[in-house]
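Heads up, the thing below is written out as structure tokens.
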Amino acid sequence: MAYLILVRHGLTDWNKIGRWHGRSDISINEEGRLEARAAAVAIENLKIDKVYTSTLTRTKETFQEMNKVLNLVIPVSASPALDERDYGIYTGRIKWDVEKELGKEKFWLIRRGWDFPIPGGESLKQVYERVVPFFENDLLPVLKNGENILIVSSGNTLRALVKFLENIPDDKVASLHLQFGEVYIYTFDLDGKVIKKEVKRHNYKPLAEWFKLGLQ
């Protein structure tokens with residue numbers, strides 16, 4: 001038995017105002033740091049053997065904050081396969097401005113659609129096509145070996161991976177959403193099959209003062 005733990009990065013200032021990041025390298029903010037630490041509290045009793053982040057600063061910083069709770073002394077690998085979806089011409093735009101320009105239907109397809117093209121960017125299907133081979137080639141053998149993996153990545157990247165793990169139909173993936181700092185824990189058997197899923201939803205606010213006092 002092994003665990004695959006998925007954590008969406010903590011909040012950024014761009015997230016707070018609804019600005020699409022794509023590959024823009026934006027740091028998490030104070031709220032995001034607290035979310036990350038709360039996510040770590042949710043998994044602090046699980047042994048973690050390997051850690052993977054994307055190449056983007058917000059995922060690396062999220063793990064760094066988590067590790068103030070976890071105190072792991074293990075290598076951390078950063079893979080471009082785990083990078084956020086490239087939003088092409090919409091990178092850096094405020095979502096709600098785009099919605100006003102294009103209308104609700106097209107906006108929804110850009111934001112949540114499965115195979116809707118974005119000029120200069122990626123569809124969720126294209127993200128899936130780089131994330132799934134990474135999982136199958138690099139992560140699944142580790143899980144079959146009984147080792148536990150923590151992945152810290154971005155919302156669309158994790159949506160693509162969850163779609164694969166749960167065999168979610170193309171027309172249902174639009175409703176899938178991971179919150180900032182939210183934890184998905186998949187239990188695998190040693191044949192590489194998912195046998196259980198658990199979602200831990202953080203509530204960092206009651207812990208905030210303790211974090212600020214003890215984990216600066």
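The chains in the structure tokens are called A, B, ... from first to last as shown; in each chain the residues are counted from 1, and the ligands are counted from 1 in the order shown.
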- Leaving out segment 88-102 of chain A and any residue of its chain fewer than 2 positions from it, which residues lie within 10 Å of it when counting only C-alpha atoms, given as a PyMOL selection string? chain A and resi 14-15+17-24+85-86+104-108+110-111+117-123
Keeping only C-alpha atoms, write the selected residues as a PDB file, in the first residue's frame.
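Written file, part-v7.pdb:
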```
ATOM      1  CA  TRP A  14      -2.935  37.216  -8.495  1.00  0.00           C
ATOM      2  CA  ASN A  15      -5.341  34.496  -7.349  1.00  0.00           C
ATOM      3  CA  ILE A  17      -7.899  39.357  -7.795  1.00  0.00           C
ATOM      4  CA  GLY A  18      -8.720  36.675 -10.375  1.00  0.00           C
ATOM      5  CA  ARG A  19      -5.701  37.156 -12.640  1.00  0.00           C
ATOM      6  CA  TRP A  20      -4.710  34.137 -14.726  1.00  0.00           C
ATOM      7  CA  HIS A  21      -1.170  33.003 -13.899  1.00  0.00           C
ATOM      8  CA  GLY A  22      -0.409  30.440 -16.541  1.00  0.00           C
ATOM      9  CA  ARG A  23       3.380  30.182 -16.531  1.00  0.00           C
ATOM     10  CA  SER A  24       3.905  33.575 -14.838  1.00  0.00           C
ATOM     11  CA  ARG A  85      -1.499  25.215 -17.804  1.00  0.00           C
ATOM     12  CA  ASP A  86      -0.185  27.783 -20.269  1.00  0.00           C
ATOM     13  CA  LYS A 104     -20.153  33.558 -20.327  1.00  0.00           C
ATOM     14  CA  GLU A 105     -20.221  30.548 -22.669  1.00  0.00           C
ATOM     15  CA  LYS A 106     -16.831  31.076 -24.312  1.00  0.00           C
ATOM     16  CA  PHE A 107     -15.330  32.181 -21.003  1.00  0.00           C
ATOM     17  CA  TRP A 108     -16.491  28.943 -19.376  1.00  0.00           C
ATOM     18  CA  ILE A 110     -11.626  28.710 -21.780  1.00  0.00           C
ATOM     19  CA  ARG A 111     -11.645  28.342 -18.026  1.00  0.00           C
ATOM     20  CA  PRO A 117      -7.970  25.737 -27.838  1.00  0.00           C
ATOM     21  CA  ILE A 118      -6.254  28.836 -26.453  1.00  0.00           C
ATOM     22  CA  PRO A 119      -4.044  30.840 -28.855  1.00  0.00           C
ATOM     23  CA  GLY A 120      -0.449  30.416 -27.749  1.00  0.00           C
ATOM     24  CA  GLY A 121      -1.493  28.242 -24.816  1.00  0.00           C
ATOM     25  CA  GLU A 122      -2.776  24.819 -23.761  1.00  0.00           C
ATOM     26  CA  SER A 123      -6.127  23.139 -23.404  1.00  0.00           C
TER      27      SER A 123
END
```
- Residue neighbourhood segment 26-30 of chain A, 9 Å, only C-alpha atoms, exclusion window fewer than 3 positions, as a list in words: His9, Gly10, Leu11, Thr12, Asp13, Trp14, His21, Arg23, Arg33, Leu34, Glu35, Leu56, Thr57, Arg58, Thr59, Glu61 and Thr62 of chain A
How about saving the chosen residues, N, CA and C atoms kept, as a compact mmCIF listing (two decimals), in the first residue's frame?
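Dumped to selection_29.txt:
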```txt
# COMPACT_ATOMS: atom_id res chain seq x y z
N HIS A 9 -1.13 24.57 -4.63
CA HIS A 9 -0.33 25.62 -4.00
C HIS A 9 -1.21 26.61 -3.23
N GLY A 10 -0.60 27.35 -2.33
CA GLY A 10 -1.30 28.36 -1.55
C GLY A 10 -1.65 29.59 -2.39
N LEU A 11 -2.51 30.40 -1.85
CA LEU A 11 -3.02 31.59 -2.53
C LEU A 11 -1.92 32.58 -2.88
N THR A 12 -2.08 33.25 -4.03
CA THR A 12 -1.19 34.34 -4.44
C THR A 12 -2.01 35.62 -4.55
N ASP A 13 -1.32 36.74 -4.67
CA ASP A 13 -2.04 38.00 -4.87
C ASP A 13 -2.79 37.99 -6.21
N TRP A 14 -2.24 37.33 -7.21
CA TRP A 14 -2.93 37.22 -8.50
C TRP A 14 -4.20 36.38 -8.35
N HIS A 21 -2.63 33.14 -14.00
CA HIS A 21 -1.17 33.00 -13.90
C HIS A 21 -0.57 32.38 -15.16
N ARG A 23 1.99 30.45 -16.89
CA ARG A 23 3.38 30.18 -16.53
C ARG A 23 4.06 31.37 -15.83
N ARG A 33 0.75 31.13 2.58
CA ARG A 33 1.71 30.46 3.47
C ARG A 33 0.98 29.75 4.62
N LEU A 34 -0.03 30.39 5.14
CA LEU A 34 -0.80 29.77 6.21
C LEU A 34 -1.59 28.56 5.71
N GLU A 35 -2.13 28.68 4.49
CA GLU A 35 -2.84 27.54 3.89
C GLU A 35 -1.90 26.35 3.73
N LEU A 56 7.61 26.09 -10.91
CA LEU A 56 7.15 27.44 -10.59
C LEU A 56 7.31 27.75 -9.10
N THR A 57 7.66 29.00 -8.82
CA THR A 57 7.97 29.42 -7.46
C THR A 57 6.84 29.17 -6.49
N ARG A 58 5.60 29.38 -6.90
CA ARG A 58 4.48 29.24 -5.95
C ARG A 58 4.32 27.82 -5.42
N THR A 59 4.68 26.82 -6.23
CA THR A 59 4.59 25.45 -5.73
C THR A 59 5.79 25.13 -4.83
N GLU A 61 7.45 27.32 -2.99
CA GLU A 61 7.24 28.03 -1.74
C GLU A 61 6.19 27.35 -0.87
N THR A 62 5.17 26.80 -1.51
CA THR A 62 4.14 26.07 -0.76
C THR A 62 4.76 24.89 -0.04
```
- Message: I'd like the neighbourhood of Lys197 of chain A as a ChimeraX atom specification, where a residue qualifies if any of its atoms comes within 9 Å (using only C-alpha atoms), though same-chain residues fewer than 5 positions away should be ignored.
- Response: /A:184-187
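Remark: for Ser153 of chain A, the closest of the candidate residues A:Val41, A:Leu82, A:Leu109, A:Leu139 is A:Leu82 (distances computed over only C-alpha atoms).
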Near-Arg37 of chain A list (6 Å; only C-alpha atoms; drop same-chain fewer than 3 positions) as a short mmCIF file (atom, residue, chain, number, x, y, z; two decimals) with N, CA and C atoms, in the first residue's frame:
```cif
data_model
loop_
_atom_site.label_atom_id
_atom_site.label_comp_id
_atom_site.auth_asym_id
_atom_site.auth_seq_id
_atom_site.Cartn_x
_atom_site.Cartn_y
_atom_site.Cartn_z
N LEU A 34 -0.03 30.39 5.14
CA LEU A 34 -0.80 29.77 6.21
C LEU A 34 -1.59 28.56 5.71
N ALA A 40 -0.13 20.95 5.63
CA ALA A 40 0.89 20.06 6.21
C ALA A 40 0.40 19.43 7.50
N GLU A 65 6.86 26.03 2.95
CA GLU A 65 6.03 26.34 4.12
C GLU A 65 5.50 25.06 4.76
N MET A 66 5.09 24.11 3.95
CA MET A 66 4.63 22.82 4.49
C MET A 66 5.74 22.16 5.29
#
```
Would you mind listing what lies within 10 Å of segment 155-171 of chain A as a tab-separated table (two decimals) with N, CA and C atoms, in the first residue's frame, with only C-alpha atoms counted and same-chain residues fewer than 4 positions away left out?
```tsv
chain	number	residue	atom	x	y	z
A	6	LEU	N	-1.81	14.88	-3.11
A	6	LEU	CA	-1.84	16.01	-4.02
A	6	LEU	C	-2.24	17.27	-3.25
A	7	VAL	N	-1.45	18.33	-3.40
A	7	VAL	CA	-1.74	19.61	-2.74
A	7	VAL	C	-1.66	20.73	-3.76
A	8	ARG	N	-2.74	21.51	-3.84
A	8	ARG	CA	-2.68	22.71	-4.67
A	8	ARG	C	-1.93	23.80	-3.92
A	9	HIS	N	-1.13	24.57	-4.63
A	9	HIS	CA	-0.33	25.62	-4.00
A	9	HIS	C	-1.21	26.61	-3.23
A	22	GLY	N	-1.11	31.23	-15.54
A	22	GLY	CA	-0.41	30.44	-16.54
A	22	GLY	C	1.00	30.16	-16.05
A	54	SER	N	6.16	21.59	-9.21
A	54	SER	CA	6.41	22.11	-10.57
A	54	SER	C	7.70	22.93	-10.53
A	81	ALA	N	6.64	18.90	-16.16
A	81	ALA	CA	5.40	18.18	-16.45
A	81	ALA	C	4.29	18.57	-15.47
A	82	LEU	N	4.69	19.12	-14.32
A	82	LEU	CA	3.72	19.52	-13.30
A	82	LEU	C	3.43	21.02	-13.33
A	83	ASP	N	3.99	21.74	-14.31
A	83	ASP	CA	3.73	23.17	-14.41
A	83	ASP	C	2.27	23.46	-14.72
A	84	GLU	N	1.84	24.66	-14.32
A	84	GLU	CA	0.47	25.08	-14.59
A	84	GLU	C	0.20	25.15	-16.08
A	85	ARG	N	-1.05	25.05	-16.42
A	85	ARG	CA	-1.50	25.21	-17.80
A	85	ARG	C	-1.03	26.56	-18.35
A	86	ASP	N	-0.58	26.56	-19.59
A	86	ASP	CA	-0.18	27.78	-20.27
A	86	ASP	C	-1.45	28.46	-20.80
A	111	ARG	N	-12.02	28.58	-19.41
A	111	ARG	CA	-11.65	28.34	-18.03
A	111	ARG	C	-11.75	26.88	-17.62
A	112	ARG	N	-12.82	26.20	-18.07
A	112	ARG	CA	-13.10	24.85	-17.57
A	112	ARG	C	-13.20	23.77	-18.64
A	113	GLY	N	-13.21	24.17	-19.90
A	113	GLY	CA	-13.40	23.18	-20.96
A	113	GLY	C	-12.28	22.17	-21.05
A	114	TRP	N	-12.55	21.05	-21.68
A	114	TRP	CA	-11.60	19.96	-21.78
A	114	TRP	C	-10.66	20.13	-22.96
A	115	ASP	N	-11.18	20.43	-24.13
A	115	ASP	CA	-10.34	20.48	-25.33
A	115	ASP	C	-10.60	21.75	-26.11
A	123	SER	N	-4.85	23.61	-23.92
A	123	SER	CA	-6.13	23.14	-23.40
A	123	SER	C	-5.85	22.23	-22.21
A	124	LEU	N	-6.89	21.92	-21.45
A	124	LEU	CA	-6.71	20.98	-20.35
A	124	LEU	C	-6.30	19.61	-20.88
A	125	LYS	N	-6.80	19.24	-22.04
A	125	LYS	CA	-6.42	17.98	-22.67
A	125	LYS	C	-4.92	17.91	-22.91
A	126	GLN	N	-4.33	19.02	-23.34
A	126	GLN	CA	-2.88	19.05	-23.57
A	126	GLN	C	-2.10	18.95	-22.26
A	127	VAL	N	-2.63	19.54	-21.20
A	127	VAL	CA	-2.00	19.38	-19.88
A	127	VAL	C	-2.04	17.91	-19.49
A	128	TYR	N	-3.18	17.28	-19.67
A	128	TYR	CA	-3.36	15.85	-19.38
A	128	TYR	C	-2.32	15.02	-20.13
A	129	GLU	N	-2.07	15.38	-21.38
A	129	GLU	CA	-1.16	14.60	-22.22
A	129	GLU	C	0.30	14.71	-21.80
A	130	ARG	N	0.64	15.69	-20.95
A	130	ARG	CA	2.02	15.72	-20.41
A	130	ARG	C	2.06	15.22	-18.97
A	131	VAL	N	0.96	15.37	-18.23
A	131	VAL	CA	0.95	14.95	-16.83
A	131	VAL	C	0.83	13.43	-16.70
A	132	VAL	N	-0.03	12.83	-17.50
A	132	VAL	CA	-0.28	11.39	-17.35
A	132	VAL	C	0.96	10.55	-17.67
A	134	PHE	N	4.02	11.42	-17.26
A	134	PHE	CA	4.91	11.64	-16.11
A	134	PHE	C	4.48	10.77	-14.94
A	135	PHE	N	3.17	10.71	-14.70
A	135	PHE	CA	2.67	9.85	-13.62
A	135	PHE	C	3.00	8.39	-13.90
A	151	ILE	N	2.87	15.54	-4.05
A	151	ILE	CA	2.96	16.44	-5.20
A	151	ILE	C	2.35	17.77	-4.82
A	175	SER	N	-16.55	20.44	-13.69
A	175	SER	CA	-17.02	20.67	-12.32
A	175	SER	C	-15.96	20.36	-11.26
A	176	LEU	N	-14.81	19.83	-11.68
A	176	LEU	CA	-13.75	19.47	-10.74
A	176	LEU	C	-12.96	20.71	-10.35
A	177	HIS	N	-12.82	20.93	-9.06
A	177	HIS	CA	-12.09	22.11	-8.59
A	177	HIS	C	-11.37	21.76	-7.29
A	178	LEU	N	-10.08	22.05	-7.22
A	178	LEU	CA	-9.31	21.88	-5.99
A	178	LEU	C	-9.08	23.24	-5.35
A	179	GLN	N	-9.34	23.34	-4.07
A	179	GLN	CA	-9.15	24.61	-3.37
A	179	GLN	C	-7.67	24.82	-3.08
A	180	PHE	N	-7.31	26.08	-2.78
A	180	PHE	CA	-5.93	26.38	-2.43
A	180	PHE	C	-5.55	25.66	-1.14
A	184	TYR	N	-5.65	16.08	-1.44
A	184	TYR	CA	-6.25	14.84	-1.92
A	184	TYR	C	-5.27	13.72	-1.60
A	186	TYR	N	-4.70	9.70	-2.20
A	186	TYR	CA	-5.08	8.47	-2.89
A	186	TYR	C	-4.26	7.32	-2.31
A	193	LYS	N	-3.17	0.24	-8.36
A	193	LYS	CA	-4.58	0.59	-8.48
A	193	LYS	C	-5.01	1.46	-7.30
A	194	VAL	N	-5.83	2.48	-7.59
A	194	VAL	CA	-6.38	3.31	-6.52
A	194	VAL	C	-7.46	2.53	-5.79
A	197	LYS	N	-9.82	7.08	-1.68
A	197	LYS	CA	-9.53	8.52	-1.81
A	197	LYS	C	-10.05	9.24	-0.58
```
May I have the residues within 10 Å of Ala2 of chain A as a compact mmCIF listing (two decimals) with C-alpha atoms, in the first residue's frame, using only C-alpha atoms and disregarding those fewer than 6 positions away in the same chain?
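See selection.txt below for the written result:
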```txt
# COMPACT_ATOMS: atom_id res chain seq x y z
CA LYS A 47 5.34 9.14 6.05
CA ILE A 48 6.51 10.86 2.86
CA VAL A 142 7.50 4.46 -6.93
CA LEU A 143 3.97 3.83 -5.65
CA LYS A 144 4.14 0.18 -6.69
CA ASN A 145 7.30 -0.03 -4.60
CA GLY A 146 5.27 1.01 -1.56
CA GLU A 147 6.72 4.53 -1.28
CA ASN A 148 4.56 7.57 -0.52
CA ILE A 149 4.66 10.63 -2.80
CA TYR A 186 -5.08 8.47 -2.89
CA THR A 187 -4.28 5.03 -1.50
CA PHE A 188 -2.75 2.63 -4.01
CA ASP A 189 -2.33 -1.10 -3.77
CA LEU A 190 0.96 -2.61 -4.88
CA GLY A 192 -0.80 0.39 -8.85
CA VAL A 194 -6.38 3.31 -6.52
```
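Here atom CA of Glu182 of chain A and atom CA of Arg201 of chain A stand 5.3 Å from one another.
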- List every residue of segment 113-193 of chain A that DSSP, applied to the backbone, labels as alpha helix (DSSP H), and write the result as a ChimeraX atom specification. /A:124-134,140-144,155-166
- If you run DSSP on the backbone, which residues of segment 75-201 of chain A are strand (DSSP E), as a list in words? Val76, Ser77, Ala78, Ile149, Leu150, Ile151, Val152, Ser153, Val183, Tyr184, Ile185, Tyr186, Thr187, Phe188, Val194, Ile195, Lys196, Lys197, Glu198, Val199 and Lys200 of chain A
